[in-house]
file entry.txt (compact mmCIF, C-alpha atoms)
# COMPACT_ATOMS: atom_id res chain seq x y z
CA MET T 1 75.85 77.94 127.31
CA ASN T 2 72.91 78.57 129.61
CA ASN T 3 71.69 81.99 130.69
CA ASP T 4 73.50 81.93 134.02
CA GLU T 5 76.77 81.29 132.25
CA ALA T 6 75.94 84.05 129.80
CA LYS T 7 75.20 86.45 132.67
CA PHE T 8 78.51 85.63 134.24
CA ILE T 9 80.34 86.48 131.03
CA LEU T 10 78.23 89.48 130.12
CA SER T 11 78.71 91.04 133.53
CA ALA T 12 82.21 91.79 132.22
CA TYR T 13 80.96 93.31 128.99
CA ARG T 14 81.46 97.05 129.12
CA PRO T 15 78.77 99.42 127.87
CA SER T 16 81.33 101.58 126.05
CA GLY T 17 81.61 99.00 123.28
CA ARG T 18 85.31 98.45 123.99
CA ASP T 19 84.71 94.71 124.21
CA ALA T 20 82.52 94.46 121.11
CA ASN T 21 85.24 92.74 119.12
CA ASP T 22 86.38 90.50 121.95
CA ALA T 23 85.61 86.92 120.94
CA ARG T 24 85.11 85.96 124.57
CA PHE T 25 81.75 87.73 124.53
CA THR T 26 80.50 86.66 121.11
CA GLU T 27 78.56 83.62 122.17
CA ALA T 28 77.08 85.25 125.28
CA LEU T 29 75.95 88.27 123.25
CA LYS T 30 74.36 85.95 120.73
CA GLN T 31 72.58 84.23 123.60
CA ALA T 32 71.31 87.58 124.88
CA ARG T 33 69.86 88.40 121.50
CA GLN T 34 68.01 85.13 121.52
CA TYR T 35 66.55 85.48 125.04
CA PRO T 36 64.63 88.72 125.77
CA ALA T 37 64.90 88.25 129.53
CA LEU T 38 68.65 87.90 129.27
CA ASN T 39 68.79 90.84 126.92
CA GLU T 40 66.75 92.93 129.41
CA TRP T 41 69.06 91.90 132.21
CA LEU T 42 72.07 92.93 130.13
CA ALA T 43 70.52 96.32 129.34
CA GLN T 44 69.86 97.00 133.03
CA ALA T 45 73.29 95.83 134.10
CA GLN T 46 74.96 97.97 131.48
CA ALA T 47 72.85 100.98 132.46
CA LEU T 48 74.13 100.69 136.01
CA ASP T 49 77.68 100.16 134.76
CA ALA T 50 77.38 103.25 132.60
CA VAL T 51 76.29 105.32 135.59
CA VAL T 52 79.22 104.10 137.68
CA MET T 53 81.60 104.73 134.79
CA ASP T 54 80.24 108.23 134.41
CA LYS T 55 80.60 108.91 138.14
CA LEU T 56 84.12 107.57 138.15
CA ALA T 57 84.99 109.78 135.21
CA GLN T 58 83.91 112.79 137.26
CA ILE T 59 86.60 112.13 139.84
CA VAL T 60 89.38 114.62 139.25
CA PRO T 61 92.85 114.48 140.70
CA PRO T 62 93.63 117.05 143.38
CA ALA T 63 95.02 120.37 142.24
CA GLY T 64 98.77 120.36 141.95
CA LEU T 65 99.22 116.62 141.50
CA ARG T 66 100.20 116.99 137.85
CA GLU T 67 102.80 119.62 138.70
CA GLN T 68 104.15 117.48 141.52
CA ILE T 69 104.50 114.51 139.18
CA LEU T 70 106.25 116.59 136.54
CA ALA T 71 108.57 118.14 139.11
CA GLY T 72 109.36 114.72 140.52
CA GLY T 73 109.90 113.41 137.02
CA LYS T 74 112.37 116.15 136.21
CA VAL T 75 114.36 115.41 139.32
CA SER T 76 114.34 111.68 138.77
CA GLN T 77 115.03 112.02 135.06
CA LYS T 78 118.09 114.11 135.80
CA ALA T 79 119.26 111.72 138.45
CA PRO T 80 120.00 108.67 136.29
CA PRO T 81 122.51 110.41 134.03
CA ARG T 82 124.34 111.66 137.12
CA ARG T 83 124.29 108.20 138.57
CA ARG T 84 125.38 106.74 135.29
CA GLN T 85 128.11 109.36 134.99
CA LEU T 86 129.22 108.85 138.55
CA GLY T 87 129.02 105.12 138.04
CA ALA T 88 131.08 105.40 134.89
CA TRP T 89 133.69 107.49 136.67
CA LEU T 90 133.73 105.10 139.60
CA ALA T 91 134.08 102.17 137.23
CA LEU T 92 136.87 103.97 135.39
CA ALA T 93 138.59 104.87 138.64
CA ALA T 94 138.25 101.30 139.85
CA SER T 95 139.66 100.08 136.55
CA VAL T 96 142.60 102.46 136.82
CA ILE T 97 143.23 101.34 140.38
CA VAL T 98 143.10 97.72 139.35
CA VAL T 99 145.37 98.37 136.37
CA LEU T 100 147.80 100.32 138.54
CA ALA T 101 147.73 97.66 141.21
CA VAL T 102 148.25 94.92 138.68
CA SER T 103 150.93 96.98 136.96
CA GLU T 104 152.65 97.67 140.24
CA VAL T 105 152.62 94.01 141.12
CA TRP T 106 153.71 93.12 137.61
CA LEU T 107 156.46 95.73 137.54
CA GLY T 108 157.52 94.77 141.02
CA GLN T 109 157.81 91.19 139.95
CA LYS T 110 159.69 92.23 136.80
CA VAL T 111 162.10 94.41 138.77
CA GLN T 112 162.67 91.70 141.33
CA ALA T 113 163.24 89.16 138.57
CA ALA T 114 165.71 91.51 136.86
CA GLN T 115 167.54 92.13 140.12
CA HIS T 116 167.70 88.44 140.83
CA ASN T 117 168.88 87.61 137.33
CA TYR T 118 171.54 90.27 137.40
CA ALA T 119 172.77 89.12 140.82
CA GLU T 120 172.75 85.49 139.75
CA PHE T 121 174.63 86.36 136.57
CA ALA T 122 177.24 88.25 138.58
CA VAL T 123 177.85 85.43 141.04
CA ASN T 124 178.08 82.84 138.30
CA ASP T 125 180.40 85.00 136.25
CA MET T 126 182.68 85.57 139.22
CA HIS T 127 182.96 81.86 139.81
CA ASN T 128 183.55 81.05 136.17
CA SER T 129 185.78 83.83 134.94
CA GLY T 130 188.50 84.48 137.50
CA HIS T 131 189.82 87.91 138.43
CA HIS T 132 190.35 90.74 135.95
CA PRO T 133 191.80 93.93 137.45
CA PRO T 134 190.76 97.15 135.69
CA GLN T 135 192.68 98.10 132.61
CA GLY T 136 193.45 101.40 130.93
CA ASN T 137 194.27 104.95 131.94
CA GLY T 138 192.99 106.04 135.33
CA MET T 139 191.95 102.58 136.28
CA GLU T 140 194.47 102.38 139.08
CA GLU T 141 192.82 105.37 140.70
CA ALA T 142 189.45 103.79 140.26
CA LEU T 143 190.78 100.57 141.70
CA GLY T 144 191.97 102.43 144.76
CA LYS T 145 188.62 104.07 145.24
CA LEU T 146 186.79 100.82 144.86
CA ALA T 147 189.00 99.19 147.42
CA SER T 148 187.99 101.77 150.00
CA SER T 149 184.40 102.54 149.00
CA ASP T 150 181.16 101.30 150.36
CA LEU T 151 178.54 100.06 147.92
CA HIS T 152 176.83 103.38 147.31
CA SER T 153 180.11 105.24 146.90
CA MET T 154 180.99 102.90 144.07
CA SER T 155 178.27 104.66 142.11
CA ASP T 156 180.15 107.92 142.57
CA LEU T 157 183.03 106.72 140.44
CA GLU T 158 182.95 108.33 137.04
CA PHE T 159 182.64 105.44 134.69
CA SER T 160 183.03 105.80 130.99
CA PHE T 161 181.78 102.59 129.58
CA ASN T 162 183.35 103.12 126.19
CA GLU T 163 186.71 104.23 127.62
CA MET T 164 186.85 101.26 129.94
CA LYS T 165 185.92 98.98 127.13
CA ALA T 166 188.47 100.57 124.83
CA GLY T 167 191.03 100.39 127.62
CA GLY T 168 190.76 96.65 127.66
CA CYS T 169 188.40 96.07 130.55
CA ARG T 170 186.68 92.76 130.29
CA THR T 171 183.19 92.90 128.95
CA VAL T 172 180.69 90.13 129.27
CA LYS T 173 177.22 89.54 128.05
CA CYS T 174 174.36 89.42 130.51
CA GLY T 175 171.69 88.06 128.24
CA GLU T 176 171.89 90.38 125.29
CA ARG T 177 173.33 93.22 127.27
CA GLU T 178 177.01 94.08 127.51
CA VAL T 179 178.47 94.51 130.98
CA ILE T 180 181.90 95.69 132.08
CA GLU T 181 183.56 93.79 134.84
CA LEU T 182 185.81 95.55 137.32
CA CYS T 183 187.63 93.36 139.83
CA PHE T 184 189.15 94.97 142.88
CA ASN T 185 190.99 93.64 145.85
CA ARG T 186 190.06 94.69 149.32
CA ASP T 187 191.94 93.35 152.28
CA GLY T 188 193.07 90.34 150.26
CA THR T 189 189.63 89.49 148.91
CA TRP T 190 188.73 89.86 145.31
CA TYR T 191 185.39 91.48 144.66
CA HIS T 192 183.80 91.74 141.26
CA LEU T 193 181.90 94.82 140.22
CA TYR T 194 179.73 94.67 137.14
CA VAL T 195 178.58 97.87 135.49
CA MET T 196 175.92 97.98 132.81
CA PRO T 197 174.88 101.25 131.17
CA ARG T 198 171.20 101.82 131.55
CA LYS T 199 170.87 103.27 128.03
CA VAL T 200 172.03 99.90 126.79
CA SER T 201 169.71 98.12 129.16
CA ARG T 202 166.25 97.51 127.81
CA GLY T 203 165.18 95.58 130.86
CA PRO T 204 163.22 96.95 133.76
CA MET T 205 164.93 99.39 136.06
CA LEU T 206 166.53 98.01 139.14
CA ALA T 207 165.48 99.31 142.51
CA LYS T 208 167.06 102.69 143.15
CA SER T 209 166.29 102.93 146.81
CA LYS T 210 168.35 100.12 148.24
CA PRO T 211 170.42 97.20 146.96
CA TYR T 212 168.95 93.82 146.31
CA PHE T 213 170.97 91.06 147.96
CA LEU T 214 171.27 87.48 146.79
CA ALA T 215 173.19 84.70 148.53
CA MET T 216 174.44 81.80 146.42
CA SER T 217 176.53 79.08 148.06
CA ASP T 218 179.32 80.87 149.87
CA SER T 219 179.03 83.96 147.72
CA ALA T 220 176.62 86.86 147.67
CA ALA T 221 175.74 89.63 145.28
CA ALA T 222 174.17 93.04 145.68
CA VAL T 223 172.62 94.89 142.78
CA TRP T 224 171.39 98.46 142.53
CA THR T 225 171.21 101.31 140.10
CA ASP T 226 171.93 105.01 140.10
CA GLY T 227 169.78 105.60 137.06
CA VAL T 228 172.80 105.73 134.73
CA PHE T 229 174.33 102.34 135.37
CA ASP T 230 173.08 99.09 136.82
CA TYR T 231 175.63 97.78 139.32
CA ALA T 232 176.27 94.35 140.71
CA VAL T 233 179.00 93.59 143.18
CA VAL T 234 179.88 90.08 144.28
CA SER T 235 181.68 88.98 147.41
CA PRO T 236 183.17 85.49 147.56
CA LYS T 237 182.79 85.63 151.33
CA GLY T 238 179.04 85.68 151.48
CA MET T 239 176.22 87.88 152.66
CA ASN T 240 177.68 89.20 155.91
CA ASP T 241 180.80 90.36 154.19
CA LEU T 242 178.79 92.04 151.46
CA LYS T 243 176.52 93.79 153.91
CA GLY T 244 179.65 95.01 155.62
CA LEU T 245 180.45 96.77 152.38
CA ALA T 246 176.99 98.27 152.34
CA GLY T 247 177.77 99.95 155.63
CA MET X 248 112.70 110.38 127.55
CA SER X 249 112.44 114.10 126.95
CA THR X 250 110.67 116.41 129.35
CA THR X 251 108.01 117.05 126.74
CA ALA X 252 107.38 113.38 126.17
CA PHE X 253 107.22 112.75 129.88
CA SER X 254 104.80 115.62 130.30
CA GLN X 255 102.59 114.22 127.56
CA LEU X 256 102.65 110.79 129.16
CA VAL X 257 101.59 112.30 132.49
CA ASP X 258 98.81 114.31 130.87
CA VAL X 259 97.36 111.27 129.16
CA HIS X 260 97.49 108.84 132.05
CA TYR X 261 97.64 110.54 135.41
CA THR X 262 93.88 111.06 135.77
CA PRO X 263 92.78 107.44 135.21
CA LEU X 264 95.74 106.31 137.28
CA TYR X 265 94.63 108.59 140.09
CA ARG X 266 91.09 107.20 139.93
CA PHE X 267 92.44 103.68 140.09
CA ALA X 268 94.74 104.64 142.96
CA LEU X 269 91.90 106.35 144.82
CA SER X 270 89.76 103.24 144.66
CA LEU X 271 92.63 101.21 146.09
CA ALA X 272 94.14 103.62 148.57
CA ARG X 273 90.81 105.03 149.73
CA ASN X 274 92.10 108.50 150.38
CA GLN X 275 93.33 111.31 148.18
CA ALA X 276 96.75 111.76 149.74
CA ASP X 277 97.80 108.16 149.38
CA ALA X 278 96.26 107.95 145.93
CA GLY X 279 98.34 110.97 144.91
CA ASP X 280 101.43 109.38 146.42
CA LEU X 281 100.81 106.16 144.50
CA VAL X 282 100.45 108.03 141.22
CA GLN X 283 103.57 110.07 141.87
CA GLN X 284 105.50 106.99 142.84
CA THR X 285 104.36 105.27 139.66
CA PHE X 286 105.59 108.09 137.45
CA TYR X 287 108.76 108.32 139.49
CA ILE X 288 109.43 104.66 138.73
CA TRP X 289 108.65 105.36 135.09
CA ALA X 290 111.10 108.23 135.05
CA THR X 291 113.82 106.09 136.56
CA LYS X 292 113.08 102.74 134.92
CA GLY X 293 110.17 102.94 132.54
CA HIS X 294 112.03 104.99 129.97
CA ALA X 295 113.81 101.77 129.13
CA LEU X 296 110.49 100.36 127.92
CA ARG X 297 110.92 100.02 124.19
CA GLU X 298 107.28 99.89 123.22
CA VAL X 299 105.66 103.17 124.16
CA SER X 300 102.29 101.65 123.26
CA LYS X 301 102.61 99.51 126.37
CA ALA X 302 103.23 102.48 128.63
CA LYS X 303 99.62 102.64 129.83
CA SER X 304 99.51 99.01 130.82
CA TRP X 305 102.94 99.36 132.41
CA LEU X 306 101.79 102.32 134.49
CA PHE X 307 98.66 100.59 135.76
CA THR X 308 100.62 97.45 136.57
CA THR X 309 103.30 99.39 138.39
CA LEU X 310 100.78 101.36 140.40
CA TYR X 311 98.99 98.20 141.43
CA ARG X 312 102.21 96.50 142.42
CA GLU X 313 103.25 99.50 144.43
CA PHE X 314 99.93 99.36 146.22
CA LEU X 315 100.25 95.65 146.85
CA SER X 316 103.79 95.99 148.11
CA VAL X 317 102.32 97.67 151.16
CA ARG X 318 98.97 95.96 151.30
CA ARG X 319 100.31 92.44 151.02
CA ARG X 320 101.78 92.80 154.45
CA GLU X 321 98.26 93.16 155.80
CA GLN X 322 95.90 90.31 156.42
CA ARG X 323 92.75 92.05 155.34
CA SER X 324 92.13 90.33 152.07
CA THR X 325 88.84 88.52 151.88
CA SER X 326 88.59 84.94 150.85
CA ILE X 327 86.48 84.60 147.74
CA GLU X 328 84.90 81.49 149.17
CA ASP X 329 83.54 83.50 152.09
CA LEU X 330 81.50 85.79 149.93
CA PRO X 331 77.76 85.52 149.54
CA PRO X 332 76.42 84.59 146.12
CA SER X 333 76.03 87.53 143.79
CA GLU X 334 72.70 89.12 143.04
CA GLN X 335 72.56 89.39 139.33
CA ASP X 336 69.29 91.13 138.59
CA VAL X 337 69.56 94.90 138.44
CA ALA X 338 66.49 96.93 139.38
CA THR X 339 65.73 100.26 137.74
CA GLU X 340 65.65 101.87 141.21
CA GLU X 341 69.28 100.93 141.72
CA ILE X 342 70.24 102.69 138.53
CA ASP X 343 68.28 105.80 139.45
CA ARG X 344 69.76 105.84 142.95
CA ALA X 345 73.27 105.64 141.61
CA ARG X 346 72.54 108.34 139.09
CA SER X 347 71.43 110.65 141.85
CA MET X 348 74.61 110.18 143.83
CA ASP X 349 77.59 112.41 143.48
CA ALA X 350 80.87 111.02 142.20
CA ASN X 351 82.50 110.91 145.62
CA THR X 352 79.69 108.83 147.07
CA VAL X 353 79.98 106.34 144.24
CA MET X 354 83.74 106.27 144.74
CA LEU X 355 83.19 105.61 148.42
CA ALA X 356 80.95 102.69 147.50
CA LEU X 357 83.64 101.40 145.17
CA GLN X 358 86.24 101.77 147.90
CA SER X 359 84.10 99.73 150.28
CA VAL X 360 84.30 96.73 147.98
CA ASP X 361 86.81 94.16 149.12
CA GLU X 362 90.21 94.87 147.76
CA VAL X 363 90.48 91.68 145.76
CA PHE X 364 87.44 92.78 143.77
CA CYS X 365 88.00 96.52 143.91
CA ALA X 366 91.03 96.54 141.64
CA PRO X 367 89.47 94.64 138.70
CA LEU X 368 86.21 96.48 139.20
CA THR X 369 87.86 99.88 139.01
CA LEU X 370 89.87 98.90 135.96
CA PHE X 371 86.63 97.68 134.41
CA TYR X 372 84.89 101.01 135.03
CA LEU X 373 87.88 103.08 134.00
CA ASP X 374 87.51 101.45 130.59
CA ASP X 375 91.15 102.15 129.74
CA LEU X 376 92.52 98.65 129.49
CA THR X 377 91.60 95.55 127.54
CA TYR X 378 90.84 92.40 129.49
CA GLN X 379 94.22 91.03 128.66
CA GLU X 380 95.81 94.20 129.99
CA ILE X 381 93.70 94.06 133.14
CA ALA X 382 94.68 90.44 133.63
CA ASP X 383 98.34 91.34 133.11
CA THR X 384 98.08 94.27 135.49
CA LEU X 385 96.56 92.15 138.23
CA ASP X 386 98.69 89.15 137.32
CA VAL X 387 95.71 86.81 137.23
CA PRO X 388 94.04 84.91 134.38
CA ILE X 389 91.25 86.61 132.44
CA GLY X 390 88.76 84.10 133.84
CA THR X 391 89.68 85.21 137.34
CA VAL X 392 89.20 88.84 136.33
CA MET X 393 85.70 88.06 135.14
CA SER X 394 84.89 86.07 138.24
CA ARG X 395 86.07 88.87 140.48
CA LEU X 396 84.13 91.38 138.44
CA SER X 397 80.94 89.44 138.92
CA ARG X 398 81.47 89.23 142.67
CA GLY X 399 82.70 92.77 142.90
CA LYS X 400 79.68 94.15 141.13
CA ALA X 401 77.42 92.39 143.58
CA GLN X 402 79.30 94.02 146.47
CA LEU X 403 79.21 97.39 144.79
CA ARG X 404 75.51 97.26 144.26
CA ASP X 405 75.07 96.35 147.89
CA SER X 406 77.21 99.33 148.87
CA LEU X 407 75.26 101.65 146.59
CA LYS X 408 72.07 100.62 148.39
CA LYS X 409 73.51 101.65 151.77
CA PRO X 410 75.84 104.54 151.04
CA GLU X 411 75.67 105.83 154.63
CA LYS X 412 77.48 102.72 155.84
CA ASN X 413 80.30 102.95 153.36
CA ALA X 414 82.19 105.68 155.19
CA GLN X 415 82.44 103.38 158.19
CA LYS X 416 83.57 100.43 156.09
CA VAL X 417 86.27 102.26 154.24
CA ILE X 418 89.58 102.21 156.06
CA PRO X 419 91.89 104.76 154.55
CA PHE X 420 95.15 103.39 153.22
CA ASN X 421 97.22 105.70 155.41
CA GLN X 422 95.54 104.37 158.55
CA THR X 423 96.30 100.79 157.64
CA LYS X 424 99.91 101.80 157.04
CA LYS X 425 100.05 103.44 160.47
CA GLY X 426 98.59 100.28 161.91
CA GLN X 427 101.47 98.32 160.48
CA THR X 428 104.09 100.39 162.15
CA SER X 429 102.44 100.47 165.55

call {"tool": "encode", "arguments": {"input": "entry.txt", "output": "structure tokens"}}
result
Amino acid sequence: MNNDEAKFILSAYRPSGRDANDARFTEALKQARQYPALNEWLAQAQALDAVVMDKLAQIVPPAGLREQILAGGKVSQKAPPRRRQLGAWLALAASVIVVLAVSEVWLGQKVQAAQHNYAEFAVNDMHNSGHHPPQGNGMEEALGKLASSDLHSMSDLEFSFNEMKAGGCRTVKCGEREVIELCFNRDGTWYHLYVMPRKVSRGPMLAKSKPYFLAMSDSAAAVWTDGVFDYAVVSPKGMNDLKGLAG
Amino acid sequence: MSTTAFSQLVDVHYTPLYRFALSLARNQADAGDLVQQTFYIWATKGHALREVSKAKSWLFTTLYREFLSVRRREQRSTSIEDLPPSEQDVATEEIDRARSMDANTVMLALQSVDEVFCAPLTLFYLDDLTYQEIADTLDVPIGTVMSRLSRGKAQLRDSLKKPEKNAQKVIPFNQTKKGQTS
């Protein structure tokens, strides 16, 4: 290391002694001790640095700056929790919305699948099982009402599942659920009404608002619920005939 | 971070930060704004800093970056290659002259130094950071810090010789910002 190189390094050596243990300066300091001219240069340079440092240390921040910083800090320190809280609530709300939306879609799909299955079951059963007029006491009256009722009025009939079952009405399994079949004749056409108590049903509720229609071959089925029973009625004459019943 | 801890952090660091900001911004108002902005960023982000021992370095770095975020859009930086060679010998008269000056005059001389040298020079005189911390703050190697110090000192000494010219050389930070928007 020559003296010019040492000067370059020592120009960064602070007079406070902060850099005394910094290995970067060790060799240059050693060089300064060996060369009086270099040592004199270092002393002068550090004297000027010390003056500038002292002058800089006399600079004081303007009055009120500390208070402004603290006030700003309080505001900004309070802000993050609110943002986090708001963010958390927004995230939670978004999650709920997503869950509800997914649930609605999922439930909608489940309900539609249940309606479809019930309608499909009813049509297939009608084709496979023949006609079975209602049995038991009071069934003739019910038969008469069914023959003249529209779809929704069929729900107004007072069904007693156990009485109908005890009276000999045909029951059939829809999956694991027991369903009573009521066949009625209307203007020479045999319709099949299937009634399944909801308390027995463990499947998703059918749509209450309006019937679900399903056409299969020449036949069609409509399913709905009144909250007590799940109904399915099948017409062997197809969709138009069934919708005529719906009124 | 608690209010007390934040207050303590401000008390320890806001004065050297202000001095650093004043040398960069070249006027009190903008220097104050820079310091406030730095602590604001600390309050919103810095509390996540795990090692409190690094708070000082973090604050200086943040202040400098905030300053650069505005200044980088300007084209006033001086090429190092354009500078004259440094005068390395220090005369006793220079020391006496500087000693006779008030702090604001010396600060004005410091502010007149080209920005690329002013930042390392001020950090050098503040004597708050190690060289590694200065290098980290300025995001340059330590060798570059030393090189800029050498050049910066030469400029400072030249400014201290002609303090009456420094006021004309120093363009306040707020005026350069206005110039950007016009």

call {"tool": "residues_around", "arguments": {"input": "entry.txt", "residues": "Phe121 in chain T", "least_positions_apart": "3", "cutoff": "12 Å", "atoms": "only C-alpha atoms", "output": "PyMOL selection string"}}
result
chain T and resi 113-118+124-129+172-175+177+179+181+192-194+214+216+220-223+231-234

call {"tool": "atom_distance", "arguments": {"input": "entry.txt", "atom1": "CA of Trp305 in chain X", "atom2": "CA of Thr384 in chain X"}}
result
7.7 Å

call {"tool": "closest_residue", "arguments": {"input": "entry.txt", "among": "T:Val51, T:Ala43, T:Ala37, T:Ala166", "to": "chain X", "atoms": "all atoms listed in the file"}}
result
T:Val51

call {"tool": "interface_residues", "arguments": {"input": "entry.txt", "of": "chain X", "to": "chain T", "cutoff": "7 Å", "atoms": "all atoms listed in the file", "output": "PyMOL selection string"}}
result
chain X and resi 254+262+265-266+279+283+286-287+290-291+336-337+342+345-346+350+353-354+372-373+393+396-397

call {"tool": "atom_distance", "arguments": {"input": "entry.txt", "atom1": "CA of Glu411 in chain X", "atom2": "CA of Asn351 in chain X"}}
result
12.4 Å

call {"tool": "atom_distance", "arguments": {"input": "entry.txt", "atom1": "CA of Leu264 in chain X", "atom2": "CA of Leu407 in chain X"}}
result
23.0 Å

call {"tool": "residues_near_point", "arguments": {"input": "entry.txt", "point": "(94.2, 88.7, 137.6)", "cutoff": "12 Å", "atoms": "all atoms listed in the file", "output": "list in words"}}
result
Thr308, Tyr311, Val363, Phe364, Cys365, Ala366, Pro367, Leu368, Leu370, Tyr378, Gln379, Glu380, Ile381, Ala382, Asp383, Thr384, Leu385, Asp386, Val387, Pro388, Ile389, Gly390, Thr391, Val392, Met393, Ser394, Arg395 and Leu396 of chain X

call {"tool": "closest_residue", "arguments": {"input": "entry.txt", "among": "X:Leu271, X:Val282, X:Leu403, X:Val259", "to": "Leu357 in chain X", "atoms": "all atoms listed in the file"}}
result
X:Leu403

call {"tool": "residues_around", "arguments": {"input": "entry.txt", "residues": "Pro410 in chain X", "least_positions_apart": "6", "cutoff": "9 Å", "atoms": "only C-alpha atoms", "output": "PyMOL selection string"}}
result
chain X and resi 352-353+355-356

call {"tool": "closest_residue", "arguments": {"input": "entry.txt", "among": "T:Glu163, T:Asp226, T:Glu120, T:Asp218", "to": "Leu242 in chain T", "atoms": "all atoms listed in the file"}}
result
T:Asp218
